[in-house]
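Dropping upload-v2.cif in here (mmCIF, C-alpha atoms):
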data_entry
loop_
_atom_site.label_atom_id
_atom_site.label_comp_id
_atom_site.auth_asym_id
_atom_site.auth_seq_id
_atom_site.Cartn_x
_atom_site.Cartn_y
_atom_site.Cartn_z
CA MET A 168 90.40 52.31 160.19
CA ALA A 169 89.25 49.03 161.67
CA ASN A 170 90.51 50.04 165.14
CA THR A 171 88.84 53.44 165.19
CA PRO A 172 85.62 53.38 167.17
CA SER A 173 82.71 54.32 165.01
CA PRO A 174 81.55 57.83 165.90
CA ASP A 175 78.05 56.86 164.80
CA VAL A 176 77.63 54.41 167.66
CA SER A 177 79.28 55.57 170.86
CA PRO A 178 78.57 59.32 171.04
CA PRO A 179 74.76 59.04 171.15
CA VAL A 180 75.00 56.74 174.18
CA ASP A 181 77.25 59.19 176.01
CA GLU A 182 75.01 62.00 174.94
CA LYS A 183 71.92 60.19 176.18
CA ARG A 184 73.58 59.48 179.48
CA ALA A 185 74.85 63.04 179.86
CA SER A 186 71.48 64.60 179.13
CA PHE A 187 69.73 62.10 181.43
CA GLU A 188 72.12 62.93 184.26
CA ARG A 189 71.73 66.65 183.64
CA GLU A 190 67.95 66.73 183.33
CA ALA A 191 66.58 63.67 185.12
CA LEU A 192 68.96 62.43 187.80
CA VAL A 193 69.08 65.88 189.39
CA HIS A 194 65.46 65.29 190.46
CA LEU A 195 66.22 62.18 192.48
CA ASP A 196 65.52 63.89 195.82
CA VAL A 197 62.14 65.18 194.62
CA LEU A 198 61.17 61.74 193.28
CA TYR A 199 62.22 60.08 196.52
CA ARG A 200 60.26 62.49 198.74
CA VAL A 201 57.12 62.09 196.62
CA ALA A 202 57.57 58.30 196.45
CA LEU A 203 57.95 58.13 200.21
CA ARG A 204 54.75 60.06 200.83
CA LEU A 205 52.84 57.99 198.27
CA SER A 206 54.08 54.55 199.30
CA GLY A 207 54.44 55.22 203.01
CA ASN A 208 57.73 53.37 203.57
CA PRO A 209 61.40 53.75 202.54
CA SER A 210 61.74 50.33 200.96
CA ASP A 211 58.79 50.75 198.57
CA ALA A 212 59.92 54.33 197.90
CA ASP A 213 63.35 53.02 196.83
CA ASP A 214 61.76 50.50 194.46
CA LEU A 215 59.36 53.08 193.07
CA VAL A 216 62.15 55.55 192.32
CA GLN A 217 64.31 52.83 190.82
CA GLU A 218 61.50 51.71 188.55
CA THR A 219 60.70 55.31 187.57
CA MET A 220 64.30 55.98 186.58
CA LEU A 221 64.52 52.79 184.52
CA LYS A 222 61.29 53.56 182.68
CA ALA A 223 62.36 57.17 182.17
CA TYR A 224 65.74 56.16 180.76
CA ARG A 225 64.14 53.72 178.34
CA ALA A 226 61.68 56.38 177.20
CA TRP A 227 64.23 59.22 177.24
CA ASP A 228 64.03 59.68 173.46
CA GLN A 229 60.35 60.53 173.81
CA TYR A 230 61.03 63.31 176.29
CA GLU A 231 61.44 66.69 174.64
CA LYS A 232 64.73 67.92 176.08
CA GLY A 233 64.74 71.16 178.00
CA THR A 234 61.00 71.13 178.72
CA ASN A 235 59.79 69.99 182.15
CA ALA A 236 61.68 66.88 183.19
CA LYS A 237 60.50 67.08 186.80
CA ALA A 238 56.82 66.95 185.81
CA TRP A 239 57.53 64.22 183.22
CA LEU A 240 59.33 62.06 185.80
CA LEU A 241 56.64 62.59 188.42
CA THR A 242 53.99 61.49 185.91
CA ILE A 243 55.92 58.25 185.33
CA LEU A 244 56.37 57.77 189.07
CA ARG A 245 52.69 58.22 189.76
CA HIS A 246 51.67 55.76 187.05
CA ALA A 247 54.13 53.24 188.44
CA PHE A 248 52.68 53.79 191.91
CA ILE A 249 49.11 53.27 190.73
CA ASN A 250 49.95 50.19 188.66
CA GLU A 251 52.30 48.37 190.96
CA TYR A 252 51.69 49.52 194.48
CA ARG A 253 48.17 50.71 195.01
CA ARG A 254 46.90 47.42 193.61
CA ARG A 255 48.78 45.58 196.33
CA THR A 256 47.05 47.30 199.21
CA ARG A 257 44.46 45.06 200.78
CA HIS A 258 42.32 47.94 201.95
CA PRO A 259 41.75 50.23 198.98
CA GLU A 260 40.77 53.71 200.01
CA THR A 261 37.05 54.14 200.34
CA VAL A 262 37.03 57.71 201.60
CA ASP A 263 34.42 59.92 199.97
CA LEU A 264 36.43 63.09 199.43
CA ASP A 265 33.31 65.21 199.01
CA LYS A 266 32.07 64.25 202.45
CA ILE A 267 35.18 65.62 204.16
CA GLU A 268 34.16 68.93 205.62
CA PRO A 269 36.68 71.74 205.33
CA TYR A 270 37.68 73.03 208.70
CA ALA A 271 39.24 76.45 209.24
CA VAL A 272 41.81 76.57 212.02
CA PHE A 273 42.52 80.28 211.87
CA PRO A 274 39.26 81.37 213.58
CA GLU A 275 40.09 78.96 216.43
CA VAL A 276 43.52 80.42 217.09
CA GLN A 277 42.82 84.02 216.08
CA ASP A 278 42.68 85.26 219.69
CA GLU A 279 45.26 83.04 221.34
CA ASP A 280 47.95 82.66 218.68
CA PRO A 281 47.11 84.54 215.45
CA GLN A 282 50.70 84.23 214.26
CA GLY A 283 50.64 80.45 214.45
CA ALA A 284 53.64 80.20 216.78
CA PHE A 285 52.40 76.76 217.83
CA PHE A 286 53.42 75.39 214.41
CA ASP A 287 57.07 76.01 215.25
CA ARG A 288 56.90 73.52 218.10
CA ILE A 289 55.75 70.67 215.87
CA VAL A 290 58.67 68.53 214.67
CA ASP A 291 59.28 67.17 211.15
CA ASP A 292 58.20 63.61 211.91
CA GLU A 293 54.89 64.72 213.31
CA VAL A 294 54.15 66.84 210.23
CA LEU A 295 55.03 63.96 207.90
CA ARG A 296 52.89 61.59 209.96
CA ALA A 297 49.93 63.97 209.67
CA ILE A 298 50.44 64.25 205.89
CA ASP A 299 50.53 60.45 205.61
CA GLN A 300 47.11 60.28 207.25
CA LEU A 301 45.49 62.37 204.51
CA PRO A 302 43.50 60.54 201.80
CA VAL A 303 45.92 59.81 198.95
CA ALA A 304 44.18 62.18 196.50
CA PHE A 305 44.69 65.06 198.95
CA ARG A 306 48.16 63.90 199.96
CA GLU A 307 49.59 63.77 196.45
CA THR A 308 48.17 67.19 195.56
CA LEU A 309 49.49 68.78 198.73
CA VAL A 310 52.95 67.24 198.43
CA LEU A 311 53.37 68.30 194.80
CA SER A 312 52.27 71.83 195.61
CA ASP A 313 53.43 72.61 199.10
CA VAL A 314 56.55 70.51 199.38
CA GLU A 315 57.78 70.47 195.78
CA GLY A 316 56.42 73.85 194.63
CA MET A 317 54.67 72.71 191.44
CA SER A 318 52.08 74.98 189.80
CA TYR A 319 48.37 74.09 189.57
CA GLN A 320 48.83 73.49 185.85
CA GLU A 321 51.77 71.13 186.39
CA ILE A 322 49.90 69.21 189.09
CA ALA A 323 46.81 68.93 186.87
CA GLY A 324 49.03 67.39 184.18
CA ILE A 325 50.74 64.94 186.53
CA LEU A 326 47.53 63.79 188.22
CA ASP A 327 45.45 64.00 185.05
CA ILE A 328 42.71 66.09 186.66
CA PRO A 329 41.29 69.58 185.85
CA VAL A 330 42.97 72.65 187.38
CA GLY A 331 39.75 73.40 189.29
CA THR A 332 40.01 70.01 191.00
CA VAL A 333 43.64 70.71 191.96
CA LYS A 334 42.47 73.96 193.52
CA SER A 335 39.66 72.42 195.56
CA ARG A 336 41.72 69.41 196.66
CA LEU A 337 44.55 71.65 197.74
CA PHE A 338 42.20 73.89 199.69
CA ARG A 339 40.69 70.97 201.56
CA ALA A 340 43.99 69.14 202.00
CA ARG A 341 45.56 72.19 203.64
CA GLN A 342 42.59 72.70 205.94
CA LEU A 343 42.50 69.04 206.89
CA LEU A 344 46.23 69.02 207.63
CA GLN A 345 45.98 72.23 209.65
CA GLY A 346 43.17 70.63 211.63
CA LYS A 347 45.28 67.55 212.39
CA LEU A 348 48.28 69.64 213.43
CA TYR A 349 46.09 71.90 215.53
CA ASP A 350 44.57 68.88 217.33
CA TYR A 351 48.06 67.57 217.96
CA ALA A 352 49.25 70.96 219.27
CA VAL A 353 46.28 71.10 221.65
CA GLU A 354 46.94 67.56 222.80
CA MET A 355 50.59 68.37 223.46
CA GLY A 356 49.68 71.56 225.29
CA TYR A 357 51.39 73.83 222.74
CA ILE A 358 48.17 75.78 222.52
CA LYS A 359 45.11 75.84 224.77
CA GLY A 360 42.35 75.93 222.16
CA SER A 361 39.69 73.27 221.86
CA PRO A 362 40.32 70.18 219.70
CA ALA A 363 39.16 70.69 216.11
CA MET M 40 35.90 92.44 197.24
CA ASN M 41 34.47 91.41 200.61
CA CYS M 42 36.09 89.30 203.37
CA ARG M 43 34.42 86.07 202.31
CA GLU M 44 35.65 86.41 198.72
CA CYS M 45 39.09 87.37 199.95
CA VAL M 46 39.43 84.31 202.22
CA GLU M 47 38.07 82.10 199.45
CA HIS M 48 40.88 83.17 197.12
CA LEU M 49 43.60 83.47 199.74
CA TYR M 50 45.42 80.26 198.84
CA GLU M 51 45.36 81.03 195.13
CA PHE M 52 46.73 84.45 195.98
CA LEU M 53 49.53 82.90 198.05
CA ASP M 54 50.22 80.40 195.28
CA ARG M 55 50.38 83.23 192.70
CA GLU M 56 47.72 81.53 190.64
CA LEU M 57 45.29 84.45 190.23
CA THR M 58 44.74 86.76 187.28
CA PRO M 59 46.56 90.10 187.73
CA GLU M 60 43.22 91.83 188.17
CA LEU M 61 41.97 89.58 190.97
CA GLU M 62 45.41 89.62 192.55
CA ARG M 63 45.28 93.42 192.72
CA GLU M 64 41.78 93.35 194.27
CA ILE M 65 42.93 90.94 196.97
CA ARG M 66 46.07 92.93 197.70
CA GLU M 67 44.00 96.09 198.10
CA HIS M 68 41.53 94.33 200.37
CA LEU M 69 44.34 92.89 202.53
CA GLU M 70 45.83 96.35 202.98
CA ASP M 71 42.50 97.76 204.17
CA CYS M 72 41.28 94.84 206.30
CA PRO M 73 43.39 93.89 209.35
CA PRO M 74 41.53 90.61 210.15
CA CYS M 75 42.01 89.32 206.58
CA GLY M 76 45.61 90.56 206.75
CA GLU M 77 46.13 88.48 209.89
CA GLN M 78 44.69 85.41 208.23
CA TYR M 79 46.95 85.98 205.24
CA ASP M 80 49.99 86.09 207.55
CA PHE M 81 48.84 82.92 209.29
CA GLU M 82 48.32 80.97 206.05
CA GLU M 83 51.59 82.22 204.61
CA LEU M 84 53.43 81.10 207.72
CA PHE M 85 51.72 77.71 207.57
CA LEU M 86 52.85 77.12 203.98
CA LYS M 87 56.43 78.16 204.76
CA PHE M 88 56.42 75.92 207.82
CA LEU M 89 55.17 72.98 205.77
CA ARG M 90 57.82 73.38 203.10
CA ALA M 91 60.61 73.75 205.66
CA ARG M 92 59.51 70.68 207.63
CA CYS M 93 59.07 68.39 204.65
CA ARG M 94 62.09 69.13 202.49
CA THR M 95 64.85 68.11 204.87
CA GLN M 96 64.86 64.59 203.49
CA GLY M 97 66.51 63.61 200.20
CA ALA M 98 67.20 60.34 198.40
CA PRO M 99 69.52 58.04 200.39
CA ALA M 100 73.06 57.76 198.97
CA GLU M 101 72.56 54.02 198.58
CA LEU M 102 69.55 54.56 196.32
CA LYS M 103 71.52 56.91 194.11
CA LYS M 104 74.25 54.28 193.74
CA ARG M 105 71.64 51.61 193.01
CA VAL M 106 70.04 53.73 190.27
CA LEU M 107 73.40 54.47 188.63
CA ARG M 108 74.35 50.80 188.81
CA GLU M 109 71.08 49.73 187.23
CA LEU M 110 71.16 52.37 184.47
CA PHE M 111 74.82 52.44 183.54
CA GLY M 112 76.20 49.28 185.08
CA GLU M 113 78.31 51.15 187.64
#
Please lay out the structure from this file as structure tokens.
Amino acid sequence: MANTPSPDVSPPVDEKRASFEREALVHLDVLYRVALRLSGNPSDADDLVQETMLKAYRAWDQYEKGTNAKAWLLTILRHAFINEYRRRTRHPETVDLDKIEPYAVFPEVQDEDPQGAFFDRIVDDEVLRAIDQLPVAFRETLVLSDVEGMSYQEIAGILDIPVGTVKSRLFRARQLLQGKLYDYAVEMGYIKGSPA
Amino acid sequence: MNCRECVEHLYEFLDRELTPELEREIREHLEDCPPCGEQYDFEELFLKFLRARCRTQGAPAELKKRVLRELFGE
């Protein structure tokens, strides 16, 4: 008997690891993409994801298995970002979101390129660069929705804001991003237009 | 449903975040109004473009190894 491993000790650890791998580690790509857009560089994104996974594993017992691990992990990641990273920035954002005027690109291109063919000529890096220029409140909402496909309700939970705020931020973030990409396309000669 | 209301709700419609009733009203308006239909196509294309451009990147293999090492000592 003394040599038999106690079934009361080892199985829960394996079980914890197995369920963590199954439900949490599968979201590593999502966490990395969001971390990269929030922090702005690969090295901080690595650290942020690492920290998120450690915190998540420690708190794994508090997560109700089979619910929404992706949203749970993203909430941890965002808190870690706010606590550890945003504080470090020497120039905290002072943008007044309400003063940013929404700008509709469609009316500008309606005659020349209503099907938005100019978008196809814009490469990945340029799109990511334009996203990184958005105010962080717009950027995080847009990335969670448009890159990672989260619902308004999920985003509201992760960012701890009302659904109506998600809606309005998303609306303005998309218009702002379209405006930036449109300006770039005009500059590059992909479309004639007039800079937004 | 007029054009202004339709454009105002276009993103929510694309995101499938509207009540079934409002969704039906928008769909009917889009079928009857070519300019709004064109804007719908444009916005839909923009969202698809965004998703395609931004999802090519995943976590680096080294990060995955680092996480496993830290969590499970591997």
Selected residue of minimal separation from chain A among M:Lys87, M:Phe52, M:Gly97, M:Leu61, counting only C-alpha atoms = M:Gly97
Give one line per residue of chain M that approaches chain A to at most 8 Å, naming the two atoms of the closest pair and their distance in Å to one decimal, counting only C-alpha atoms; sort by chain then ascending residue number and deliver it as a tab-separated table.
residue	atom	partner	partner_atom	distance
M:Tyr50	CA	A:Phe338	CA	7.2
M:Glu51	CA	A:Lys334	CA	7.8
M:Asp54	CA	A:Ser318	CA	7.9
M:Glu56	CA	A:Tyr319	CA	7.5
M:Glu77	CA	A:Pro281	CA	6.9
M:Gln78	CA	A:Phe273	CA	6.7
M:Asp80	CA	A:Gln282	CA	7.0
M:Phe81	CA	A:Gln282	CA	5.5
M:Leu84	CA	A:Gly283	CA	7.3
M:Phe85	CA	A:Phe286	CA	7.4
M:Leu86	CA	A:Asp313	CA	6.7
M:Phe88	CA	A:Phe286	CA	7.3
M:Leu89	CA	A:Asp313	CA	6.9
M:Arg90	CA	A:Val314	CA	4.9
M:Arg92	CA	A:Asp291	CA	5.0
M:Cys93	CA	A:Val314	CA	6.2
M:Arg94	CA	A:Val314	CA	6.5
M:Gln96	CA	A:Arg200	CA	6.9
M:Gly97	CA	A:Asp196	CA	4.5
M:Ala98	CA	A:Asp196	CA	4.7
M:Leu102	CA	A:Asp213	CA	6.4
M:Lys103	CA	A:Leu195	CA	7.6
M:Arg105	CA	A:Gln217	CA	7.7
M:Val106	CA	A:Gln217	CA	5.8
M:Glu109	CA	A:Leu221	CA	7.7
M:Leu110	CA	A:Leu221	CA	6.7
What does the distance between CA of Arg43 (chain M) and CA of Arg63 (chain M) come to in Å, to one decimal place?
-> 16.2 Å
Hey, can you pull every residue with an atom no more than 12 Å from (51.9, 53.7, 190.5), using all atoms listed in the file, and send it as JSON, numbers by chain?
-> {"A": [201, 202, 205, 206, 211, 212, 214, 215, 216, 218, 219, 241, 242, 243, 244, 245, 246, 247, 248, 249, 250, 251, 252, 253, 254, 255, 256, 307, 325, 326]}
Using the selection just defined, write its residues with C-alpha atoms as a PDB file, in the coordinates of the input.
ATOM      1  CA  VAL A 201      57.120  62.090 196.620  1.00  0.00           C
ATOM      2  CA  ALA A 202      57.570  58.300 196.450  1.00  0.00           C
ATOM      3  CA  LEU A 205      52.840  57.990 198.270  1.00  0.00           C
ATOM      4  CA  SER A 206      54.080  54.550 199.300  1.00  0.00           C
ATOM      5  CA  ASP A 211      58.790  50.750 198.570  1.00  0.00           C
ATOM      6  CA  ALA A 212      59.920  54.330 197.900  1.00  0.00           C
ATOM      7  CA  ASP A 214      61.760  50.500 194.460  1.00  0.00           C
ATOM      8  CA  LEU A 215      59.360  53.080 193.070  1.00  0.00           C
ATOM      9  CA  VAL A 216      62.150  55.550 192.320  1.00  0.00           C
ATOM     10  CA  GLU A 218      61.500  51.710 188.550  1.00  0.00           C
ATOM     11  CA  THR A 219      60.700  55.310 187.570  1.00  0.00           C
ATOM     12  CA  LEU A 241      56.640  62.590 188.420  1.00  0.00           C
ATOM     13  CA  THR A 242      53.990  61.490 185.910  1.00  0.00           C
ATOM     14  CA  ILE A 243      55.920  58.250 185.330  1.00  0.00           C
ATOM     15  CA  LEU A 244      56.370  57.770 189.070  1.00  0.00           C
ATOM     16  CA  ARG A 245      52.690  58.220 189.760  1.00  0.00           C
ATOM     17  CA  HIS A 246      51.670  55.760 187.050  1.00  0.00           C
ATOM     18  CA  ALA A 247      54.130  53.240 188.440  1.00  0.00           C
ATOM     19  CA  PHE A 248      52.680  53.790 191.910  1.00  0.00           C
ATOM     20  CA  ILE A 249      49.110  53.270 190.730  1.00  0.00           C
ATOM     21  CA  ASN A 250      49.950  50.190 188.660  1.00  0.00           C
ATOM     22  CA  GLU A 251      52.300  48.370 190.960  1.00  0.00           C
ATOM     23  CA  TYR A 252      51.690  49.520 194.480  1.00  0.00           C
ATOM     24  CA  ARG A 253      48.170  50.710 195.010  1.00  0.00           C
ATOM     25  CA  ARG A 254      46.900  47.420 193.610  1.00  0.00           C
ATOM     26  CA  ARG A 255      48.780  45.580 196.330  1.00  0.00           C
ATOM     27  CA  THR A 256      47.050  47.300 199.210  1.00  0.00           C
ATOM     28  CA  GLU A 307      49.590  63.770 196.450  1.00  0.00           C
ATOM     29  CA  ILE A 325      50.740  64.940 186.530  1.00  0.00           C
ATOM     30  CA  LEU A 326      47.530  63.790 188.220  1.00  0.00           C
TER      31      LEU A 326
END
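The residue that comes closest to Asn235 (chain A), out of A:Glu354, A:Asp263, A:Glu190, A:Asp181 and on the basis of all atoms listed in the file, is A:Glu190.
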Suppose you want the space between CA of Leu49 (chain M) and CA of Met355 (chain A); what is it in Å?
-> 29.0 Å
Evaluate the PyMOL selection byres ((chain M and resi 40) around 12) and report residues as a VMD selection string | chain M and resid 41 to 48 60 to 69 71 to 72 75
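Here CA of Ala323 (chain A) stands at a distance of 12.9 Å from CA of Phe305 (chain A).
Put simply, the PyMOL selection byres ((chain A and resi 347) around 10) in this file takes in Val272, Val294, Arg296, Ala297, Ile298, Gln300, Leu301, Arg341, Gln342, Leu343, Leu344, Gln345, Gly346, Leu348, Tyr349, Asp350, Tyr351, Ala352, Val353, Pro362 and Ala363 of chain A.
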Atoms kept (C-alpha atoms) for selection, written as a PDB file, in the frame of the given file:
ATOM      1  CA  VAL A 272      41.810  76.570 212.020  1.00  0.00           C
ATOM      2  CA  VAL A 294      54.150  66.840 210.230  1.00  0.00           C
ATOM      3  CA  ARG A 296      52.890  61.590 209.960  1.00  0.00           C
ATOM      4  CA  ALA A 297      49.930  63.970 209.670  1.00  0.00           C
ATOM      5  CA  ILE A 298      50.440  64.250 205.890  1.00  0.00           C
ATOM      6  CA  GLN A 300      47.110  60.280 207.250  1.00  0.00           C
ATOM      7  CA  LEU A 301      45.490  62.370 204.510  1.00  0.00           C
ATOM      8  CA  ARG A 341      45.560  72.190 203.640  1.00  0.00           C
ATOM      9  CA  GLN A 342      42.590  72.700 205.940  1.00  0.00           C
ATOM     10  CA  LEU A 343      42.500  69.040 206.890  1.00  0.00           C
ATOM     11  CA  LEU A 344      46.230  69.020 207.630  1.00  0.00           C
ATOM     12  CA  GLN A 345      45.980  72.230 209.650  1.00  0.00           C
ATOM     13  CA  GLY A 346      43.170  70.630 211.630  1.00  0.00           C
ATOM     14  CA  LEU A 348      48.280  69.640 213.430  1.00  0.00           C
ATOM     15  CA  TYR A 349      46.090  71.900 215.530  1.00  0.00           C
ATOM     16  CA  ASP A 350      44.570  68.880 217.330  1.00  0.00           C
ATOM     17  CA  TYR A 351      48.060  67.570 217.960  1.00  0.00           C
ATOM     18  CA  ALA A 352      49.250  70.960 219.270  1.00  0.00           C
ATOM     19  CA  VAL A 353      46.280  71.100 221.650  1.00  0.00           C
ATOM     20  CA  PRO A 362      40.320  70.180 219.700  1.00  0.00           C
ATOM     21  CA  ALA A 363      39.160  70.690 216.110  1.00  0.00           C
TER      22      ALA A 363
END
Residue with the minimum atom-to-atom distance to Glu82 (chain M), picked from M:Pro59, M:Ala100, M:Leu53, M:Glu70 with all atoms listed in the file counted, is M:Leu53
Selected residue of minimal separation from Lys183 (chain A) among A:Gly207, A:Glu279, A:Lys232, A:Arg288, counting all atoms listed in the file =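 Counting all atoms listed in the file, the residue closest to Lys183 (chain A) is A:Lys232.
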